[in-house]
$ cat run30.cif   # mmCIF, C-alpha atoms
data_target
#
loop_
_atom_site.label_atom_id
_atom_site.label_comp_id
_atom_site.auth_asym_id
_atom_site.auth_seq_id
_atom_site.Cartn_x
_atom_site.Cartn_y
_atom_site.Cartn_z
CA MET A 1 18.84 23.12 11.77
CA TYR A 2 20.73 24.58 8.82
CA ILE A 3 23.43 22.92 6.75
CA THR A 4 25.60 24.78 4.25
CA ILE A 5 27.47 22.83 1.57
CA THR A 6 30.11 24.39 -0.67
CA ASP A 7 30.96 22.84 -4.02
CA GLY A 8 33.56 24.99 -5.73
CA ASN A 9 31.91 28.37 -6.24
CA ASP A 10 28.43 26.99 -5.58
CA VAL A 11 26.89 27.23 -2.11
CA TYR A 12 23.85 25.18 -1.14
CA GLU A 13 21.91 25.67 2.07
CA TYR A 14 19.34 23.35 3.57
CA ALA A 15 16.82 23.86 6.35
CA LEU A 16 16.15 20.61 8.21
CA GLU A 17 13.31 19.91 10.61
CA PHE A 18 13.50 16.63 12.53
CA GLN A 19 10.27 15.11 13.83
CA THR A 20 9.36 11.87 15.58
CA ILE A 21 5.66 12.67 15.23
CA PHE A 22 3.69 14.64 12.66
CA ASP A 23 1.80 17.81 13.48
CA LYS A 24 -0.33 19.98 11.21
CA GLU A 25 1.78 23.12 11.66
CA ILE A 26 5.10 21.60 10.67
CA ALA A 27 5.12 23.04 7.12
CA VAL A 28 4.33 26.55 8.39
CA ARG A 29 7.06 26.24 11.00
CA VAL A 30 9.64 25.16 8.41
CA PHE A 31 8.69 28.09 6.17
CA ARG A 32 8.97 30.54 9.07
CA TYR A 33 12.41 29.27 10.08
CA SER A 34 13.60 29.36 6.47
CA PHE A 35 12.28 32.88 5.95
CA GLU A 36 13.97 34.11 9.13
CA ARG A 37 17.21 32.57 7.90
CA ALA A 38 16.84 34.25 4.50
CA VAL A 39 16.21 37.63 6.15
CA LYS A 40 19.31 37.21 8.29
CA LEU A 41 21.43 36.60 5.17
CA ALA A 42 19.59 39.06 2.92
CA ASP A 43 21.45 41.02 0.25
CA TYR A 44 20.79 44.73 0.86
CA SER A 45 23.42 45.94 -1.60
CA ASN A 46 20.72 47.44 -3.84
CA ALA A 47 18.15 48.11 -1.13
CA LYS A 48 16.72 51.24 -2.79
CA GLU A 49 15.54 49.12 -5.70
CA SER A 50 15.37 45.50 -4.54
CA ILE A 51 16.34 43.21 -1.69
CA LYS A 52 17.42 39.65 -2.41
CA LEU A 53 16.34 36.82 -0.16
CA LYS A 54 17.65 33.30 -0.71
CA MET A 55 15.57 30.64 1.01
CA PRO A 56 17.34 27.43 2.06
CA GLU A 57 16.00 24.23 0.53
CA PRO A 58 13.57 22.80 3.09
CA TYR A 59 13.39 19.21 4.31
CA ILE A 60 11.27 17.53 6.94
CA ILE A 61 12.93 14.41 8.29
CA LEU A 62 10.37 12.09 9.85
CA ILE A 63 12.17 9.59 12.05
CA GLU A 64 9.39 7.19 13.01
CA GLU A 65 6.85 5.70 10.63
CA ILE A 66 3.77 7.82 9.99
CA GLU A 67 1.04 6.67 7.63
CA GLY A 68 -0.32 8.81 4.83
CA VAL A 69 2.50 11.35 4.61
CA LYS A 70 3.39 12.35 1.05
CA ASP A 71 6.92 12.81 -0.27
CA THR A 72 6.27 16.55 -0.60
CA ILE A 73 4.14 18.85 1.54
CA LYS A 74 2.88 21.97 -0.23
CA LEU A 75 2.42 25.26 1.57
CA GLU A 76 0.06 27.37 -0.54
CA MET A 77 0.38 31.11 0.06
CA GLU A 78 -1.95 33.71 -1.42
CA PHE A 79 -0.74 37.27 -1.89
CA GLY A 80 -2.70 40.35 -2.94
CA LYS A 81 -4.82 40.21 -6.11
CA GLY A 82 -5.07 36.43 -5.99
CA VAL A 83 -1.39 35.69 -6.59
CA ILE A 84 -0.69 32.13 -5.44
CA PHE A 85 2.77 30.87 -4.49
CA ASN A 86 3.43 27.22 -3.66
CA TYR A 87 6.25 26.47 -1.25
CA ASP A 88 7.24 22.79 -1.52
CA ILE A 89 8.87 20.99 1.38
CA LYS A 90 10.44 17.61 0.72
CA VAL A 91 9.82 14.84 3.23
CA LEU A 92 12.53 12.32 3.99
CA LYS A 93 10.98 9.19 5.48
CA TYR A 94 13.84 8.12 7.67
CA TRP A 95 12.20 4.90 8.80
CA THR A 96 12.80 3.52 5.28
CA TYR A 97 16.59 3.96 5.64
CA ASP A 98 19.09 1.54 7.13
CA LEU A 99 22.85 2.01 7.44
CA LYS A 100 23.54 0.60 4.00
CA LYS A 101 21.06 2.92 2.29
CA LEU A 102 22.39 5.95 4.19
CA TYR A 103 25.90 5.00 3.13
CA ASN A 104 24.97 4.50 -0.52
CA GLU A 105 23.25 7.90 -0.62
CA ASN A 106 26.08 9.71 1.23
CA MET A 107 23.89 10.59 4.22
CA TYR A 108 26.58 9.91 6.82
CA LEU A 109 25.47 12.70 9.15
CA LEU A 110 22.11 10.98 9.62
CA TYR A 111 23.69 7.82 11.09
CA PRO A 112 22.95 8.79 14.73
CA LEU A 113 19.19 8.87 14.07
CA GLN A 114 19.28 5.09 13.68
CA ILE A 115 19.32 5.01 17.48
CA PHE A 116 15.73 6.31 17.52
CA LYS A 117 14.64 3.53 15.19
CA LEU A 118 16.33 0.92 17.34
CA ARG A 119 14.77 2.33 20.51
CA LYS A 120 11.30 1.88 19.04
CA LYS A 121 12.08 -1.67 17.93
CA MET A 122 13.43 -2.53 21.37
CA ASN A 123 10.24 -1.29 23.00
CA GLU A 124 8.17 -3.39 20.61
CA VAL A 125 10.22 -6.50 21.41
CA SER A 126 10.09 -5.82 25.15
CA TYR A 127 6.28 -5.57 25.22
CA SER A 128 5.65 -8.40 22.76
CA LYS A 129 4.27 -11.79 23.82
CA LYS A 130 7.09 -13.72 22.17
CA PRO A 131 8.99 -16.41 24.13
CA GLU A 132 11.74 -14.99 26.35
CA GLU A 133 14.50 -16.70 24.36
CA ILE A 134 13.25 -15.10 21.16
CA LYS A 135 13.05 -11.72 22.87
CA LYS A 136 16.62 -12.20 24.04
CA PHE A 137 17.77 -13.07 20.52
CA GLU A 138 16.07 -10.03 19.01
CA MET A 139 17.46 -7.76 21.73
CA PHE A 140 20.97 -9.09 21.04
CA ARG A 141 20.49 -8.36 17.35
CA LEU A 142 19.22 -4.82 17.99
CA TYR A 143 22.05 -4.18 20.44
CA ASP A 144 24.54 -5.26 17.78
CA GLU A 145 22.89 -2.91 15.30
CA MET A 146 23.27 -0.08 17.82
CA ASN A 147 26.97 -0.84 18.14
CA ILE A 148 27.27 -0.84 14.36
CA VAL A 149 25.73 2.64 14.23
CA ILE A 150 28.27 3.90 16.75
CA GLU A 151 31.20 2.21 15.01
CA ASN A 152 30.24 3.60 11.62
CA LEU A 153 29.71 7.08 13.05
CA ASN A 154 33.18 6.89 14.59
CA SER A 155 34.50 5.84 11.21
CA TYR A 156 32.97 8.88 9.55
CA PHE A 157 34.66 11.31 11.91
CA MET A 158 37.95 9.42 11.86
CA ASN A 159 38.06 9.51 8.07
CA MET A 160 37.00 13.15 7.97
CA TYR A 161 39.57 14.44 10.46
CA GLY A 162 42.38 11.97 9.84
CA LYS A 163 42.93 10.94 13.46
CA TYR A 164 43.82 7.30 12.84
CA ARG A 165 47.39 7.87 13.97
CA ASP A 166 46.09 8.52 17.49
CA PHE A 167 44.45 5.10 17.79
CA ASP A 168 45.95 1.67 18.22
CA LEU A 169 45.58 -0.93 15.48
CA GLU A 170 42.62 -2.64 17.11
CA VAL A 171 40.49 0.51 17.21
CA GLU A 172 41.67 1.52 13.75
CA SER A 173 40.47 -1.81 12.41
CA MET A 174 37.10 -1.42 14.15
CA VAL A 175 36.35 1.94 12.53
CA LYS A 176 38.06 1.42 9.19
CA SER A 177 35.00 2.00 6.99
CA PHE A 178 31.72 3.88 6.97
CA TYR A 179 29.71 0.74 6.61
CA ASP A 180 31.12 -2.75 6.88
CA PRO A 181 28.48 -5.45 6.37
CA ARG A 182 30.88 -8.02 7.82
CA ILE A 183 30.59 -6.34 11.22
CA GLU A 184 26.82 -6.58 11.05
CA GLU A 185 26.81 -10.20 9.90
CA LYS A 186 29.27 -11.24 12.60
CA GLY A 187 27.19 -9.65 15.36
CA ILE A 188 23.92 -11.18 14.17
CA GLU A 189 25.47 -14.64 13.75
CA LYS A 190 26.91 -14.55 17.27
CA ALA A 191 23.55 -13.57 18.77
CA LYS A 192 21.83 -16.32 16.76
CA PHE A 193 24.21 -19.01 18.00
CA ASP A 194 24.04 -17.79 21.61
CA VAL A 195 20.25 -18.06 21.62
CA ALA A 196 20.30 -21.47 19.90
CA GLN A 197 22.75 -22.72 22.51
CA ASN A 198 20.59 -21.47 25.39
CA MET A 199 17.49 -23.06 23.86
CA LEU A 200 19.29 -26.41 23.55
CA ILE A 201 20.41 -26.23 27.17
CA ASP A 202 16.80 -25.48 28.19
CA GLY A 203 15.62 -28.59 26.35
CA GLU A 204 13.82 -26.95 23.44
CA SER A 205 13.26 -29.08 20.33
CA GLU A 206 15.62 -28.75 17.39
CA GLU A 207 12.75 -27.87 15.06
CA LYS A 208 11.71 -24.98 17.29
CA ILE A 209 15.31 -23.77 17.53
CA LYS A 210 15.72 -23.80 13.75
CA LYS A 211 12.40 -22.01 13.30
CA TYR A 212 13.18 -19.12 15.65
CA THR A 213 16.92 -18.67 15.08
CA GLY A 214 17.49 -19.80 11.50
CA VAL A 215 20.42 -22.08 12.38
CA SER A 216 20.96 -25.25 10.32
CA ASP A 217 21.16 -28.91 11.37
CA LYS A 218 24.92 -28.67 10.98
CA ASP A 219 25.00 -25.63 13.26
CA ILE A 220 22.99 -27.45 15.91
CA ALA A 221 25.36 -30.41 15.75
CA GLU A 222 28.32 -28.08 16.28
CA ILE A 223 26.60 -26.34 19.19
CA LYS A 224 25.88 -29.72 20.81
CA LYS A 225 29.55 -30.65 20.54
CA LEU A 226 30.49 -27.35 22.16
CA ILE A 227 28.04 -27.90 25.02
CA GLU A 228 29.32 -31.45 25.57
CA ALA A 229 32.93 -30.27 25.53
CA ARG A 230 32.19 -27.64 28.14
CA GLY A 231 30.38 -30.20 30.28
CA LYS A 232 33.51 -32.35 30.47
CA HIS A 233 35.56 -29.55 32.05
#

$ encode --input "run30.cif" --output "structure tokens"
Amino acid sequence: MYITITDGNDVYEYALEFQTIFDKEIAVRVFRYSFERAVKLADYSNAKESIKLKMPEPYIILIEEIEGVKDTIKLEMEFGKGVIFNYDIKVLKYWTYDLKKLYNENMYLLYPLQIFKLRKKMNEVSYSKKPEEIKKFEMFRLYDEMNIVIENLNSYFMNMYGKYRDFDLEVESMVKSFYDPRIEEKGIEKAKFDVAQNMLIDGESEEKIKKYTGVSDKDIAEIKKLIEARGKH
């Protein structure tokens, strides 16, 4: 994948390689793609004397966690007479990024990749030996995170293309910012209270509920009142 960014008279081009796993040929592959791109855009205006090739800046974006990978992978190339050229490829360790960090570093276009991270977490929760109520709570939280990714991605495109006038006020409010921590907090709190309520109904101890959900004594008292009120209707 290639991205071209224009800043006034300056043009920057990046070659991006996305990987969920690491393989030993990835650096060679990135170099080959970048070289092919440079050849395609080569400057032949002075071909009898020299040909100019401009290589895009290379990045490998590793989506899932891989141990032992450095921040830069070096491709060492040896030309005739022992001339050595090092081609450095930067590695972006995507698993270290959340929505807030992507937002702060202006990496809006990488929002959708959060879905891959969430998929892996969901699989881990699904196959874990945790109590079912805890699994349910964690799944709720991950589902909310997935919705946040989608909402913030919508926000990016809405802000970029100025389409707010085509949406009603409710949708406009939902996608009003790239990253709104209040949306995240609200979703997590709701999931937490839902699980605490279900655990109370199932007869779990208050200490266990506080341990697994993080709710306070005051929260539990409020949830009990809510359960009692519903039972009277």

$ atom_distance --input "run30.cif" --atom1 "atom CA of A:Glu13" --atom2 "atom CA of A:Arg29"
17.3 Å

$ closest_residue --input "run30.cif" --among "A:Phe193, A:Tyr87, A:Tyr59, A:Tyr108" --to "A:Lys210" --atoms "all atoms listed in the file"
A:Phe193

$ residues_around --input "run30.cif" --residues "A:Tyr2" --least-positions-apart "4" --cutoff "10 Å" --atoms "all atoms listed in the file" --output "CSV table (one decimal) with C-alpha atoms, in the frame of the given file"
chain,number,residue,atom,x,y,z
A,13,GLU,CA,21.9,25.7,2.1
A,14,TYR,CA,19.3,23.4,3.6
A,15,ALA,CA,16.8,23.9,6.4
A,16,LEU,CA,16.2,20.6,8.2
A,17,GLU,CA,13.3,19.9,10.6
A,33,TYR,CA,12.4,29.3,10.1
A,34,SER,CA,13.6,29.4,6.5
A,37,ARG,CA,17.2,32.6,7.9
A,56,PRO,CA,17.3,27.4,2.1
A,57,GLU,CA,16.0,24.2,0.5
A,58,PRO,CA,13.6,22.8,3.1

$ resolve_selection --input "run30.cif" --expression "the PyMOL selection byres ((chain A and resi 116) around 10)" --output "list in words"
Thr20, Ile63, Glu64, Trp95, Pro112, Leu113, Gln114, Ile115, Lys117, Leu118, Arg119, Lys120, Lys121, Met122 and Met146 of chain A

$ residues_around --input "run30.cif" --residues "stretch 196-207 of chain A" --least-positions-apart "6" --cutoff "8 Å" --atoms "only C-alpha atoms" --output "list in words"
Glu133, Thr213, Val215, Ile220, Ile223, Lys224 and Ile227 of chain A

$ residues_around --input "run30.cif" --residues "A:Leu110" --least-positions-apart "6" --cutoff "10 Å" --atoms "all atoms listed in the file" --output "PyMOL selection string"
chain A and resi 61+94+97+99+102-103+153

$ closest_residue --input "run30.cif" --among "A:Thr72, A:Glu222, A:Phe35, A:Val195" --to "A:Lys208" --atoms "all atoms listed in the file"
A:Val195

$ atom_distance --input "run30.cif" --atom1 "atom CA of A:Glu49" --atom2 "atom CA of A:Glu78"
23.7 Å

$ closest_residue --input "run30.cif" --among "A:Phe79, A:Tyr44, A:Phe85, A:Phe31" --to "A:Ile60" --atoms "all atoms listed in the file"
A:Phe31

$ atom_distance --input "run30.cif" --atom1 "atom CA of A:Leu142" --atom2 "atom CA of A:Lys130"
15.6 Å

$ residues_around --input "run30.cif" --residues "A:Leu41" --least-positions-apart "2" --cutoff "10 Å" --atoms "all atoms listed in the file" --output "list of chain:residue names"
A:Phe35, A:Glu36, A:Arg37, A:Ala38, A:Val39, A:Asp43, A:Tyr44, A:Lys52, A:Leu53, A:Lys54, A:Met55

$ decode --input "run30.cif" --residues "stretch 54-66 of chain A" --atoms "all heavy atoms" --output "tab-separated table (two decimals), in the first residue's frame"
chain	number	residue	atom	x	y	z
A	54	LYS	N	13.15	7.74	-6.77
A	54	LYS	CA	12.83	8.18	-5.42
A	54	LYS	C	12.05	7.08	-4.72
A	54	LYS	O	10.91	6.80	-5.06
A	54	LYS	CB	12.02	9.47	-5.45
A	54	LYS	CG	11.74	10.04	-4.06
A	54	LYS	CD	10.96	11.34	-4.14
A	54	LYS	CE	10.69	11.90	-2.75
A	54	LYS	NZ	9.92	13.17	-2.80
A	55	MET	N	12.69	6.46	-3.73
A	55	MET	CA	12.05	5.36	-3.00
A	55	MET	C	11.10	5.92	-1.93
A	55	MET	O	11.45	6.85	-1.21
A	55	MET	CB	13.12	4.50	-2.32
A	55	MET	CG	14.12	3.86	-3.27
A	55	MET	SD	13.47	2.38	-4.05
A	55	MET	CE	13.65	1.20	-2.70
A	56	PRO	N	9.91	5.36	-1.82
A	56	PRO	CA	9.02	5.78	-0.74
A	56	PRO	C	9.58	5.34	0.61
A	56	PRO	O	10.33	4.36	0.69
A	56	PRO	CB	7.71	5.05	-1.06
A	56	PRO	CG	8.11	3.89	-1.90
A	56	PRO	CD	9.31	4.32	-2.67
A	57	GLU	N	9.25	6.06	1.65
A	57	GLU	CA	9.72	5.69	2.99
A	57	GLU	C	8.98	4.44	3.44
A	57	GLU	O	7.75	4.41	3.47
A	57	GLU	CB	9.48	6.84	3.97
A	57	GLU	CG	10.07	6.58	5.34
A	57	GLU	CD	9.98	7.78	6.26
A	57	GLU	OE1	9.67	8.89	5.77
A	57	GLU	OE2	10.22	7.61	7.47
A	58	PRO	N	9.72	3.38	3.80
A	58	PRO	CA	9.07	2.10	4.09
A	58	PRO	C	8.67	1.93	5.56
A	58	PRO	O	9.39	2.33	6.47
A	58	PRO	CB	10.14	1.09	3.71
A	58	PRO	CG	11.43	1.80	4.04
A	58	PRO	CD	11.19	3.26	3.78
A	59	TYR	N	7.52	1.31	5.75
A	59	TYR	CA	7.04	0.97	7.08
A	59	TYR	C	6.44	-0.43	7.06
A	59	TYR	O	5.70	-0.78	6.14
A	59	TYR	CB	5.95	1.94	7.56
A	59	TYR	CG	6.47	3.20	8.20
A	59	TYR	CD1	6.77	4.31	7.42
A	59	TYR	CD2	6.64	3.28	9.58
A	59	TYR	CE1	7.23	5.48	8.01
A	59	TYR	CE2	7.11	4.45	10.17
A	59	TYR	CZ	7.39	5.55	9.38
A	59	TYR	OH	7.85	6.70	9.96
A	60	ILE	N	6.75	-1.20	8.08
A	60	ILE	CA	6.06	-2.46	8.32
A	60	ILE	C	5.15	-2.24	9.52
A	60	ILE	O	5.60	-1.80	10.58
A	60	ILE	CB	7.04	-3.61	8.62
A	60	ILE	CG1	7.92	-3.88	7.41
A	60	ILE	CG2	6.28	-4.87	9.02
A	60	ILE	CD1	9.05	-4.86	7.70
A	61	ILE	N	3.87	-2.50	9.35
A	61	ILE	CA	2.91	-2.33	10.44
A	61	ILE	C	2.50	-3.71	10.93
A	61	ILE	O	1.77	-4.44	10.25
A	61	ILE	CB	1.69	-1.51	9.99
A	61	ILE	CG1	2.15	-0.13	9.52
A	61	ILE	CG2	0.67	-1.39	11.11
A	61	ILE	CD1	1.05	0.75	8.99
A	62	LEU	N	3.01	-4.08	12.10
A	62	LEU	CA	2.68	-5.38	12.69
A	62	LEU	C	1.47	-5.21	13.59
A	62	LEU	O	1.50	-4.46	14.56
A	62	LEU	CB	3.87	-5.90	13.50
A	62	LEU	CG	5.14	-6.22	12.68
A	62	LEU	CD1	6.26	-6.67	13.61
A	62	LEU	CD2	4.85	-7.29	11.63
A	63	ILE	N	0.40	-5.90	13.26
A	63	ILE	CA	-0.87	-5.69	13.95
A	63	ILE	C	-0.92	-6.43	15.28
A	63	ILE	O	-1.30	-5.87	16.30
A	63	ILE	CB	-2.03	-6.13	13.04
A	63	ILE	CG1	-2.03	-5.27	11.76
A	63	ILE	CG2	-3.37	-5.99	13.77
A	63	ILE	CD1	-3.00	-5.73	10.71
A	64	GLU	N	-0.53	-7.70	15.27
A	64	GLU	CA	-0.59	-8.49	16.50
A	64	GLU	C	0.79	-8.62	17.12
A	64	GLU	O	1.81	-8.57	16.42
A	64	GLU	CB	-1.20	-9.86	16.21
A	64	GLU	CG	-2.65	-9.75	15.72
A	64	GLU	CD	-3.31	-11.10	15.52
A	64	GLU	OE1	-2.62	-12.13	15.68
A	64	GLU	OE2	-4.51	-11.12	15.20
A	65	GLU	N	0.82	-8.80	18.42
A	65	GLU	CA	2.08	-8.77	19.17
A	65	GLU	C	3.02	-9.90	18.73
A	65	GLU	O	2.62	-11.06	18.64
A	65	GLU	CB	1.81	-8.88	20.66
A	65	GLU	CG	3.05	-8.75	21.51
A	65	GLU	CD	2.74	-8.64	22.98
A	65	GLU	OE1	1.55	-8.63	23.35
A	65	GLU	OE2	3.71	-8.58	23.77
A	66	ILE	N	4.26	-9.52	18.47
A	66	ILE	CA	5.30	-10.47	18.08
A	66	ILE	C	6.56	-10.15	18.88
A	66	ILE	O	7.05	-9.02	18.86
A	66	ILE	CB	5.61	-10.37	16.57
A	66	ILE	CG1	4.34	-10.67	15.75
A	66	ILE	CG2	6.73	-11.33	16.18
A	66	ILE	CD1	4.47	-10.37	14.28
